[in-house]
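Peer 1: To be precise about what I am sending: the file is called work-v3.tsv and holds TSV, C-alpha atoms and all ligand atoms.
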```
chain	number	residue	atom	x	y	z
F	251	MET	CA	44.33	35.52	45.71
F	252	LEU	CA	43.82	38.44	43.33
F	253	ARG	CA	41.94	41.05	45.34
F	254	THR	CA	40.50	44.13	43.63
F	255	THR	CA	37.93	46.80	44.46
F	256	PHE	CA	35.52	44.65	42.46
F	257	THR	CA	36.03	41.40	44.41
F	258	GLU	CA	35.74	43.37	47.66
F	259	ALA	CA	32.57	45.27	46.67
F	260	PHE	CA	30.79	42.21	45.25
F	261	GLY	CA	31.94	39.63	47.82
F	262	ILE	CA	33.53	37.17	45.40
F	263	ASP	CA	36.86	35.31	45.56
F	264	HIS	CA	38.18	35.95	42.04
F	265	PRO	CA	37.92	38.99	39.71
F	266	ILE	CA	36.28	36.90	37.01
F	267	VAL	CA	32.72	37.24	35.68
F	268	GLN	CA	30.61	35.04	33.40
F	269	GLY	CA	28.39	37.54	31.62
F	270	GLY	CA	24.83	36.87	30.53
F	271	MET	CA	24.54	34.58	27.49
F	272	MET	CA	21.30	33.89	25.67
F	273	TRP	CA	20.48	30.13	25.78
F	274	VAL	CA	23.72	29.47	27.73
F	275	GLY	CA	23.35	31.30	31.06
F	276	ARG	CA	21.39	28.56	32.82
F	277	ALA	CA	21.53	27.12	36.35
F	278	GLU	CA	24.22	24.45	35.80
F	279	LEU	CA	26.78	26.87	34.34
F	280	VAL	CA	26.02	29.76	36.71
F	281	ALA	CA	26.18	27.54	39.80
F	282	ALA	CA	29.49	26.05	38.64
F	283	VAL	CA	30.88	29.57	38.18
F	284	ALA	CA	29.64	30.61	41.63
F	285	ASN	CA	31.11	27.48	43.22
F	286	SER	CA	34.48	28.29	41.62
F	287	GLY	CA	34.55	31.66	43.43
F	288	ALA	CA	33.83	33.73	40.31
F	289	LEU	CA	30.59	35.61	39.53
F	290	GLY	CA	28.06	34.03	37.17
F	291	PHE	CA	24.88	35.49	35.67
F	292	LEU	CA	21.71	33.68	34.69
F	293	THR	CA	20.25	35.17	31.52
F	294	ALA	CA	16.73	36.35	32.32
F	295	LEU	CA	15.40	36.27	28.74
F	296	THR	CA	16.54	32.67	28.20
F	297	GLN	CA	13.57	31.80	30.40
F	298	PRO	CA	10.29	32.03	28.44
F	299	THR	CA	8.43	33.83	31.25
F	300	PRO	CA	9.27	35.69	34.49
F	301	GLU	CA	7.76	32.72	36.39
F	302	ASP	CA	10.26	30.41	34.70
F	303	LEU	CA	13.05	32.78	35.74
F	304	VAL	CA	11.93	32.47	39.38
F	305	LYS	CA	12.17	28.66	39.01
F	306	GLU	CA	15.61	28.86	37.38
F	307	ILE	CA	16.89	31.07	40.22
F	308	ALA	CA	15.58	28.49	42.72
F	309	ARG	CA	17.24	25.68	40.72
F	310	THR	CA	20.56	27.57	40.80
F	311	ARG	CA	20.25	27.99	44.58
F	312	GLU	CA	19.91	24.22	44.91
F	313	LEU	CA	23.30	23.89	43.22
F	314	THR	CA	25.22	26.63	45.04
F	315	ASP	CA	25.11	28.72	48.20
F	316	LYS	CA	27.56	31.29	46.76
F	317	PRO	CA	26.50	34.65	45.28
F	318	PHE	CA	25.32	34.77	41.65
F	319	GLY	CA	23.40	37.31	39.61
F	320	VAL	CA	20.91	37.72	36.77
F	321	ASN	CA	21.52	39.45	33.43
F	322	LEU	CA	18.69	41.63	32.14
F	323	THR	CA	19.34	42.55	28.52
F	324	ILE	CA	17.14	45.49	27.60
F	325	LEU	CA	17.39	45.76	23.83
F	326	PRO	CA	15.13	48.22	22.04
F	327	SER	CA	12.50	46.12	20.29
F	328	ILE	CA	9.25	46.51	18.38
F	329	THR	CA	7.59	43.93	20.63
F	330	PRO	CA	9.68	44.06	23.82
F	331	PRO	CA	9.55	41.26	26.38
F	332	PRO	CA	7.89	42.27	29.71
F	333	TYR	CA	11.11	43.74	31.15
F	334	ALA	CA	9.43	45.17	34.26
F	335	GLU	CA	7.99	41.74	35.09
F	336	TYR	CA	11.37	40.02	34.67
F	337	ARG	CA	12.86	42.75	36.87
F	338	GLN	CA	10.21	42.13	39.53
F	339	ALA	CA	10.89	38.38	39.41
F	340	ILE	CA	14.57	39.13	40.07
F	341	ILE	CA	13.71	41.40	43.00
F	342	ASP	CA	11.13	39.02	44.48
F	343	SER	CA	13.65	36.16	44.29
F	344	GLY	CA	16.07	38.08	46.50
F	345	ILE	CA	18.83	38.35	43.89
F	346	LYS	CA	21.45	40.91	44.97
F	347	ILE	CA	23.48	41.41	41.77
F	348	VAL	CA	22.14	42.32	38.31
F	349	GLU	CA	23.98	42.78	35.02
F	350	THR	CA	22.14	45.15	32.69
F	351	ALA	CA	23.02	45.49	29.02
F	352	GLY	CA	21.55	46.58	25.70
F	353	SER	CA	20.51	50.14	26.54
F	354	ASN	CA	20.54	52.77	29.30
F	355	PRO	CA	19.39	51.06	32.55
F	356	VAL	CA	18.08	54.31	34.06
F	357	ASP	CA	14.39	53.22	34.16
F	358	HIS	CA	15.24	50.02	36.02
F	359	LEU	CA	17.81	51.40	38.45
F	360	PRO	CA	15.54	52.95	41.12
F	361	HIS	CA	13.64	49.65	41.46
F	362	LEU	CA	16.82	47.60	41.65
F	363	LYS	CA	18.60	49.97	44.05
F	364	ASP	CA	15.52	50.15	46.34
F	365	ALA	CA	15.75	46.37	46.62
F	366	GLY	CA	19.43	46.62	47.68
F	367	ILE	CA	20.67	45.18	44.37
F	368	LYS	CA	24.14	46.01	43.04
F	369	VAL	CA	24.10	46.74	39.31
F	370	ILE	CA	26.86	46.10	36.79
F	371	HIS	CA	26.01	47.79	33.50
F	372	LYS	CA	27.64	46.34	30.39
F	373	CYS	CA	28.32	48.75	27.54
F	374	THR	CA	30.67	49.27	24.62
F	375	SER	CA	31.90	52.86	24.84
F	376	VAL	CA	33.47	55.28	27.31
F	377	ARG	CA	30.60	57.74	26.91
F	378	HIS	CA	28.00	55.12	27.82
F	379	ALA	CA	30.11	53.97	30.77
F	380	VAL	CA	30.38	57.53	32.06
F	381	LYS	CA	26.61	57.94	31.70
F	382	ALA	CA	26.04	54.66	33.59
F	383	GLU	CA	28.24	55.85	36.46
F	384	LEU	CA	26.33	59.13	36.50
F	385	VAL	CA	22.93	57.42	36.82
F	386	GLY	CA	24.23	55.33	39.72
F	387	VAL	CA	25.36	51.84	38.67
F	388	ASP	CA	27.90	50.13	40.95
F	389	ALA	CA	30.31	48.90	38.27
F	390	VAL	CA	30.60	48.78	34.50
F	391	SER	CA	31.62	45.97	32.20
F	392	ILE	CA	33.06	47.29	28.96
F	393	ASP	CA	33.03	45.15	25.83
F	394	GLY	CA	35.81	45.76	23.32
F	395	PHE	CA	35.40	45.17	19.59
F	396	GLU	CA	36.78	41.62	20.02
F	397	CYS	CA	33.74	40.50	21.98
F	398	ALA	CA	31.06	38.00	21.17
F	399	GLY	CA	27.62	39.52	20.73
F	400	HIS	CA	27.09	43.25	20.34
F	401	PRO	CA	30.36	45.26	20.16
F	402	GLY	CA	28.61	48.54	19.26
F	403	GLU	CA	29.47	50.64	16.22
F	404	ASP	CA	32.70	52.38	17.32
F	405	ASP	CA	35.05	49.45	16.59
F	406	VAL	CA	37.44	50.26	19.43
F	407	ALA	CA	39.42	47.26	20.74
F	408	GLY	CA	39.85	46.55	24.44
F	409	LEU	CA	43.49	47.59	24.52
F	410	ILE	CA	42.35	51.17	23.97
F	411	LEU	CA	38.82	51.06	25.39
F	412	ILE	CA	39.69	49.81	28.88
F	413	PRO	CA	42.38	52.35	29.81
F	414	ALA	CA	40.33	55.10	28.13
F	415	ALA	CA	37.41	54.12	30.37
F	416	THR	CA	39.31	53.65	33.64
F	417	ARG	CA	40.74	57.14	33.17
F	418	GLU	CA	37.21	58.59	33.28
F	419	LEU	CA	35.51	56.39	35.88
F	420	THR	CA	35.70	55.99	39.64
F	421	ILE	CA	33.54	52.83	40.00
F	422	PRO	CA	35.07	49.37	39.31
F	423	VAL	CA	35.59	48.55	35.63
F	424	ILE	CA	35.40	45.02	34.27
F	425	ALA	CA	37.21	44.39	31.01
F	426	SER	CA	35.21	42.29	28.58
F	427	GLY	CA	35.79	40.84	25.14
F	428	GLY	CA	38.66	38.73	23.88
F	429	ILE	CA	39.69	37.41	27.28
F	430	ALA	CA	40.06	33.67	27.71
F	431	ASP	CA	43.10	32.99	29.88
F	432	ALA	CA	45.46	34.26	32.59
F	433	ARG	CA	47.34	36.49	30.15
F	434	GLY	CA	44.15	38.36	29.30
F	435	LEU	CA	43.31	38.69	32.99
F	436	VAL	CA	46.74	40.11	33.88
F	437	ALA	CA	46.67	42.42	30.86
F	438	ALA	CA	43.23	43.72	31.87
F	439	LEU	CA	44.43	44.43	35.41
F	440	ALA	CA	47.46	46.22	33.95
F	441	LEU	CA	45.12	48.35	31.82
F	442	GLY	CA	43.41	49.51	35.00
F	443	ALA	CA	40.45	47.11	35.10
F	444	ASP	CA	39.32	45.55	38.38
F	445	GLY	CA	38.20	42.28	36.84
F	446	VAL	CA	37.36	40.48	33.59
F	447	ASN	CA	34.15	39.29	31.99
F	448	MET	CA	34.16	36.26	29.67
F	449	GLY	CA	31.47	34.80	27.47
F	450	THR	CA	32.90	32.53	24.78
F	451	ARG	CA	35.42	30.94	27.19
F	452	PHE	CA	32.69	29.97	29.68
F	453	MET	CA	30.47	28.70	26.85
F	454	CYS	CA	33.23	26.18	26.09
F	455	THR	CA	33.34	24.43	29.49
F	456	ALA	CA	32.06	21.06	30.69
F	457	GLU	CA	29.08	22.59	32.55
F	458	SER	CA	27.98	24.86	29.68
F	459	PRO	CA	24.60	23.63	28.41
F	460	VAL	CA	25.46	23.91	24.67
F	461	ALA	CA	25.92	20.80	22.52
F	462	GLN	CA	29.33	19.13	22.49
F	463	ALA	CA	29.66	19.83	18.74
F	464	VAL	CA	29.51	23.59	19.44
F	465	LYS	CA	32.26	23.33	22.06
F	466	GLU	CA	34.43	21.27	19.71
F	467	GLN	CA	33.90	23.83	16.93
F	468	ILE	CA	35.02	26.64	19.27
F	469	VAL	CA	38.20	24.66	20.04
F	470	ALA	CA	38.78	24.07	16.30
F	471	ASN	CA	38.09	27.70	15.36
F	472	THR	CA	40.73	30.41	15.22
F	473	GLU	CA	40.53	34.12	16.04
F	474	ARG	CA	39.53	34.68	12.39
F	475	ASP	CA	36.39	32.58	12.58
F	476	THR	CA	33.82	35.25	13.39
F	477	LYS	CA	31.56	37.33	11.19
F	478	LEU	CA	30.11	40.76	11.86
F	479	ILE	CA	26.45	40.84	10.90
F	480	PHE	CA	23.73	43.52	11.18
F	481	ARG	CA	26.41	46.13	10.40
F	482	SER	CA	24.22	47.72	7.76
F	483	LEU	CA	21.41	47.98	10.35
F	484	LYS	CA	23.72	49.69	12.88
F	485	ASN	CA	23.14	46.87	15.34
F	486	THR	CA	26.37	44.95	14.79
F	487	ALA	CA	26.67	41.44	16.20
F	488	ARG	CA	29.78	39.25	16.24
F	489	VAL	CA	28.88	35.62	15.62
F	490	ALA	CA	30.72	32.44	14.62
F	491	THR	CA	31.47	32.01	10.93
F	492	ASN	CA	29.18	29.43	9.36
F	493	ALA	CA	27.01	29.03	6.26
F	494	VAL	CA	24.25	31.23	7.66
F	495	SER	CA	26.37	34.14	8.98
F	496	THR	CA	28.32	34.14	5.71
F	497	GLU	CA	25.06	34.34	3.73
F	498	VAL	CA	23.74	37.17	5.95
F	499	ALA	CA	26.96	39.17	5.56
F	500	GLU	CA	26.79	38.68	1.76
F	501	ILE	CA	23.17	39.88	1.57
F	502	GLU	CA	24.08	42.91	3.71
F	503	LYS	CA	26.90	43.86	1.34
F	504	GLY	CA	24.31	44.69	-1.30
F	505	GLY	CA	22.28	46.74	1.21
F	506	CYS	CA	19.14	45.25	2.74
F	507	GLU	CA	16.21	45.63	5.10
F	508	PHE	CA	15.91	43.46	8.21
F	509	SER	CA	13.05	41.63	6.51
F	510	ASP	CA	15.52	40.37	3.85
F	511	ILE	CA	17.54	38.44	6.46
F	512	GLN	CA	14.95	37.84	9.19
F	513	HIS	CA	14.33	34.22	8.15
F	514	LEU	CA	18.05	33.45	8.54
F	515	VAL	CA	18.72	35.07	11.91
F	516	SER	CA	15.79	34.03	14.09
F	517	GLY	CA	16.50	33.23	17.72
F	518	ALA	CA	14.81	29.86	17.31
F	519	ARG	CA	17.34	28.81	14.63
F	520	GLY	CA	20.25	29.92	16.83
F	521	ARG	CA	18.82	27.95	19.72
F	522	THR	CA	18.77	24.82	17.54
F	523	VAL	CA	22.52	25.18	17.02
F	524	PHE	CA	23.12	25.13	20.76
F	525	GLU	CA	20.61	22.42	21.60
F	526	LYS	CA	21.11	20.01	18.69
F	527	GLY	CA	24.71	20.79	17.76
F	528	ASP	CA	23.66	21.43	14.14
F	529	LEU	CA	26.30	24.09	13.46
F	530	ASP	CA	24.70	25.52	10.32
F	531	ALA	CA	21.12	25.65	11.63
F	532	GLY	CA	21.32	29.39	12.37
F	533	ILE	CA	23.59	32.13	13.67
F	534	TRP	CA	25.38	31.54	16.97
F	535	THR	CA	27.27	34.05	19.04
F	536	ALA	CA	31.03	33.64	19.58
F	537	GLY	CA	33.98	35.99	19.83
F	538	GLN	CA	37.53	36.31	18.52
F	539	SER	CA	38.68	34.70	21.78
F	540	GLN	CA	37.90	31.37	20.07
F	541	GLY	CA	41.51	31.59	18.86
F	542	LEU	CA	42.70	31.33	22.48
F	543	ILE	CA	40.49	28.39	23.44
F	544	HIS	CA	42.05	24.95	23.10
F	545	ASP	CA	40.16	22.75	25.54
F	546	ILE	CA	36.82	22.07	27.28
F	547	PRO	CA	37.69	22.20	31.00
F	548	THR	CA	35.34	22.16	33.97
F	549	VAL	CA	34.56	25.66	35.22
F	550	ALA	CA	36.46	24.94	38.45
F	551	ALA	CA	39.57	23.88	36.50
F	552	LEU	CA	39.33	26.92	34.22
F	553	VAL	CA	38.98	29.47	37.00
F	554	SER	CA	41.64	27.94	39.22
F	555	ARG	CA	44.03	27.69	36.24
F	556	MET	CA	43.44	31.33	35.31
F	557	VAL	CA	44.04	32.59	38.83
F	558	THR	CA	47.09	30.39	39.48
F	559	GLU	CA	48.69	31.27	36.14
F	560	ALA	CA	47.90	34.96	36.59
F	561	GLU	CA	49.63	35.00	39.97
F	562	ALA	CA	52.60	33.13	38.49
F	563	LEU	CA	52.75	35.56	35.57
F	564	ILE	CA	52.78	38.57	37.89
F	565	ALA	CA	55.29	37.09	40.35
F	566	GLY	CA	57.36	35.41	37.61
F	567	ARG	CA	57.78	36.80	34.10
F	568	LEU	CA	56.67	40.36	34.87
F	569	SER	CA	58.72	40.68	38.07
F	570	GLU	CA	61.74	39.16	36.36
F	571	MET	CA	61.48	41.90	33.74
F	572	THR	CA	61.70	44.57	36.44
F	573	ASP	CA	64.57	42.68	38.09
F	574	MET	CA	66.40	42.60	34.75
F	575	ARG	CA	65.93	46.35	34.33
F	576	VAL	CA	67.16	47.00	37.85
F	577	GLY	CA	70.11	44.67	37.15
F	578	ALA	CA	70.92	46.44	33.86
F	579	ALA	CA	70.83	49.84	35.55
F	580	SER	CA	73.24	48.86	38.34
I	1	LIG	C1	26.43	32.67	23.17
I	1	LIG	C2	26.49	34.06	23.73
I	1	LIG	C3	25.32	34.73	24.03
I	1	LIG	C4	25.36	36.01	24.58
I	1	LIG	N1	24.18	36.63	24.94
I	1	LIG	C5	24.22	37.80	25.64
I	1	LIG	C6	23.03	38.36	26.16
I	1	LIG	O1	21.93	37.83	25.99
I	1	LIG	N2	23.14	39.53	26.86
I	1	LIG	C7	24.34	40.14	27.08
I	1	LIG	O2	24.38	41.17	27.75
I	1	LIG	N3	25.48	39.63	26.57
I	1	LIG	C8	25.46	38.47	25.87
I	1	LIG	N4	26.63	37.92	25.42
I	1	LIG	C9	27.92	38.64	25.62
I	1	LIG	C10	28.69	38.14	26.84
I	1	LIG	O3	28.00	38.35	28.05
I	1	LIG	C11	30.06	38.85	26.95
I	1	LIG	O4	29.86	40.24	27.08
I	1	LIG	C12	30.93	38.57	25.74
I	1	LIG	O5	30.83	37.21	25.37
I	1	LIG	C13	32.39	38.92	26.02
I	1	LIG	O6	33.19	38.58	24.94
I	1	LIG	P1	34.02	37.19	24.84
I	1	LIG	O7	33.05	36.20	24.30
I	1	LIG	O8	35.13	37.50	23.94
I	1	LIG	O9	34.46	36.82	26.23
I	1	LIG	C14	26.62	36.65	24.82
I	1	LIG	C15	27.80	35.98	24.49
I	1	LIG	C16	27.75	34.69	23.97
I	1	LIG	C17	29.04	33.98	23.64
```
What do you get writing this file as structure tokens?
Peer 2:
Amino acid sequence: MLRTTFTEAFGIDHPIVQGGMMWVGRAELVAAVANSGALGFLTALTQPTPEDLVKEIARTRELTDKPFGVNLTILPSITPPPYAEYRQAIIDSGIKIVETAGSNPVDHLPHLKDAGIKVIHKCTSVRHAVKAELVGVDAVSIDGFECAGHPGEDDVAGLILIPAATRELTIPVIASGGIADARGLVAALALGADGVNMGTRFMCTAESPVAQAVKEQIVANTERDTKLIFRSLKNTARVATNAVSTEVAEIEKGGCEFSDIQHLVSGARGRTVFEKGDLDAGIWTAGQSQGLIHDIPTVAALVSRMVTEAEALIAGRLSEMTDMRVGAAS
């Protein structure tokens, strides 16, 4: 068993998190993650209304009696979803762990803390992590530049970002972005993290609700098969390379307004990719960790393989290296 301050504080068996994923973080996946002893998050905004979120939480509870959480992504928007109502649905459903992301969670924190909820805030820079600790979150997840979704605008990879963050913080730190196997888990622990968060890897499991064609494409893809879009709008997103993301990146090269690409990047088109398996229907989120993904295991098999191999790596290869050094010195 890999025990860390994070597993202790959050009451889970393994220091592994499945972060919120739009259209993917649904009951079947989250329950499978919870049943494996890791921590899964439903994605609040995948549900069309707060009432639907309440139903999805109930559906997840029918599939697991282990702890799980809800991700509330609070992106600045011209017409924002009713965040306060989603938050209330989470509280009323008795959820005890929330992952916030997208912007400073300060407005939501008092409500969540009053309800006895532990908050993990996901961010992409040391300064935002420090701010999150200051306003009272219980842990931070930090996404390196490798990650799927929004890596921020600093372009700092996890190898630098995680130790830079753990140096500044006292609360548990979860390393996120580019992690897909035991080697990434052990490396993250060595960098000072107390756990790992994975998106793309969990999207490519048997219980993930995305179409089989998407999973097979992730297996076929390499670490080079992502595109950065919305760079020119300072709202960078890392998505899988396909006809649409390539076209968006090309349009952006010439300089553009959001209205020039809006028709290409709608959420509805991205949803079609996941639901119908039509890989060029829209943009779909995936990270560089695609290059480390070679199969479509069940969640239980994935988590148990990661933990077993991580323990073997620590007790085997890494200890042998210290033994060799001791041997060479004597
Ligand atoms: C399909 C997909 C959708 C995602 N949607 C969200 C989201 O709605 N909110 C959020 O906070 N993070 C979202 N993420 C980011 C993940 O929670 C996680 O931080 C990221 O995938 C880590 O990088 P990795 O894919 O290399 O493991 C998404 C990731 C994927 C793959």
Peer 1: Counting all atoms listed in the file, what residues are within 7 Å of ligand LIG 1 (chain I), given as a PyMOL selection string?
Peer 2: chain F and resi 268-274+293+321+323+350-352+372+393+396-399+426-430+447-451+453+534-539
Peer 1: Keeping only C-alpha atoms, take the residues you just selected and write them out as a compact mmCIF listing (two decimals), keeping the file's coordinate frame.
Peer 2:
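Okay, this is what ended up in result-v8.txt:
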```
# COMPACT_ATOMS: atom_id res chain seq x y z
CA GLN F 268 30.61 35.04 33.40
CA GLY F 269 28.39 37.54 31.62
CA GLY F 270 24.83 36.87 30.53
CA MET F 271 24.54 34.58 27.49
CA MET F 272 21.30 33.89 25.67
CA TRP F 273 20.48 30.13 25.78
CA VAL F 274 23.72 29.47 27.73
CA THR F 293 20.25 35.17 31.52
CA ASN F 321 21.52 39.45 33.43
CA THR F 323 19.34 42.55 28.52
CA THR F 350 22.14 45.15 32.69
CA ALA F 351 23.02 45.49 29.02
CA GLY F 352 21.55 46.58 25.70
CA LYS F 372 27.64 46.34 30.39
CA ASP F 393 33.03 45.15 25.83
CA GLU F 396 36.78 41.62 20.02
CA CYS F 397 33.74 40.50 21.98
CA ALA F 398 31.06 38.00 21.17
CA GLY F 399 27.62 39.52 20.73
CA SER F 426 35.21 42.29 28.58
CA GLY F 427 35.79 40.84 25.14
CA GLY F 428 38.66 38.73 23.88
CA ILE F 429 39.69 37.41 27.28
CA ALA F 430 40.06 33.67 27.71
CA ASN F 447 34.15 39.29 31.99
CA MET F 448 34.16 36.26 29.67
CA GLY F 449 31.47 34.80 27.47
CA THR F 450 32.90 32.53 24.78
CA ARG F 451 35.42 30.94 27.19
CA MET F 453 30.47 28.70 26.85
CA TRP F 534 25.38 31.54 16.97
CA THR F 535 27.27 34.05 19.04
CA ALA F 536 31.03 33.64 19.58
CA GLY F 537 33.98 35.99 19.83
CA GLN F 538 37.53 36.31 18.52
CA SER F 539 38.68 34.70 21.78
```
Peer 1: In Å, how far is it from CA of Leu411 in chain F to CA of Phe318 in chain F?
Peer 2: 26.7 Å
Peer 1: Give me the residues within 12 Å of Ala339 in chain F as an NGL selection string, counting all atoms listed in the file and dropping any in the same chain fewer than 4 places off.
Peer 2: :F and (294-295 or 297 or 299-308 or 320 or 322 or 332-335 or 343-345 or 348 or 361-362 or 365)
Peer 1: Report, in Å to a single decimal, how far apart CA of Ile266 in chain F and CA of Gly541 in chain F are.
Peer 2: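 The value is 19.6 Å.
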Peer 1: Could you give me, as number ranges by chain, the residues within 9 Å of Glu561 in chain F, counting all atoms listed in the file and dropping anything in the same chain fewer than 3 positions from it?
Peer 2: F: 251-252, 432, 436, 556-558, 564-566
Peer 1: Of the candidates F:Glu497, F:Glu383, F:Asp510, F:Asp404, which one gets nearest to Thr416 in chain F if we count only C-alpha atoms?
Peer 2: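 Distance minimum relative to Thr416 in chain F lands on F:Glu383.
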Peer 1: Ranking F:Ile340, F:Cys506, F:Ile533, F:Ala456 by minimum distance to Ala487 in chain F and counting all atoms listed in the file, which one comes first?
Peer 2: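 Of the candidates, the smallest distance to Ala487 in chain F is held by F:Ile533.
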Peer 1: In Å, rounded to a single decimal, give me how far CA of Ile546 in chain F is from CA of Pro317 in chain F.
Peer 2: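 Spanning CA of Pro317 in chain F to CA of Ile546 in chain F is a straight-line distance of 24.3 Å.
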Peer 1: Any idea what's packed within 6 Å of Ile370 in chain F, counting only C-alpha atoms, ignoring anything in its chain fewer than 2 positions away? Could you give it as JSON, numbers by chain?
Peer 2: {"F": [349, 388, 389, 390]}
Peer 1: Name the closest residue to Asp545 in chain F among the candidates F:Ala470, F:Asn492, F:Thr420, F:Pro265; distances are taken between atoms, counting all atoms listed in the file.
Peer 2: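 Closest to Asp545 in chain F, using all atoms listed in the file: F:Ala470.
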Peer 1: Point out the residue among F:Thr486, F:Pro413, F:Glu466, F:Gly261 with the least atom-to-atom distance to Ala440 in chain F, counting all atoms listed in the file.
Peer 2: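 Looking only at the distances to Ala440 in chain F, the closest residue turns out to be F:Pro413.
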Peer 1: Using 8 Å of padding on each side, determine the axis-aligned box around all atoms of range 416-431 of chain F present in the file and give its centre and edge lengths in Å to one decimal, as AutoDock Vina command-line options.
Peer 2:
```
--center_x 38.3 --center_y 45.8 --center_z 31.9 --size_x 25.6 --size_y 41.6 --size_z 32.1
```
Peer 1: Could you name the residues that touch Val385 in chain F at 9 Å or less, counting all atoms listed in the file, but leaving out those on the same chain fewer than 3 positions away, as a PyMOL selection string?
Peer 2: chain F and resi 355-356+359+380-382
Peer 1: Could you give me, as a ChimeraX atom specification, the residues within 10 Å of Lys363 in chain F, counting all atoms listed in the file and dropping anything in the same chain fewer than 4 positions from it?
Peer 2: /F:341,346,358-359,367-369,386-388
Peer 1: Pick out the closest residue to Leu325 in chain F from this set: F:Ser353, F:Asn285, F:Thr374, F:Thr455. Count only C-alpha atoms.
Peer 2: F:Ser353
Peer 1: Could you check the closest approach to Gly517 in chain F for each of F:Ala531, F:Val498, F:Ile479, F:Ala443 and tell me which residue wins, using all atoms listed in the file?
Peer 2: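 Using all atoms listed in the file, the shortest distance to Gly517 in chain F belongs to F:Ala531.
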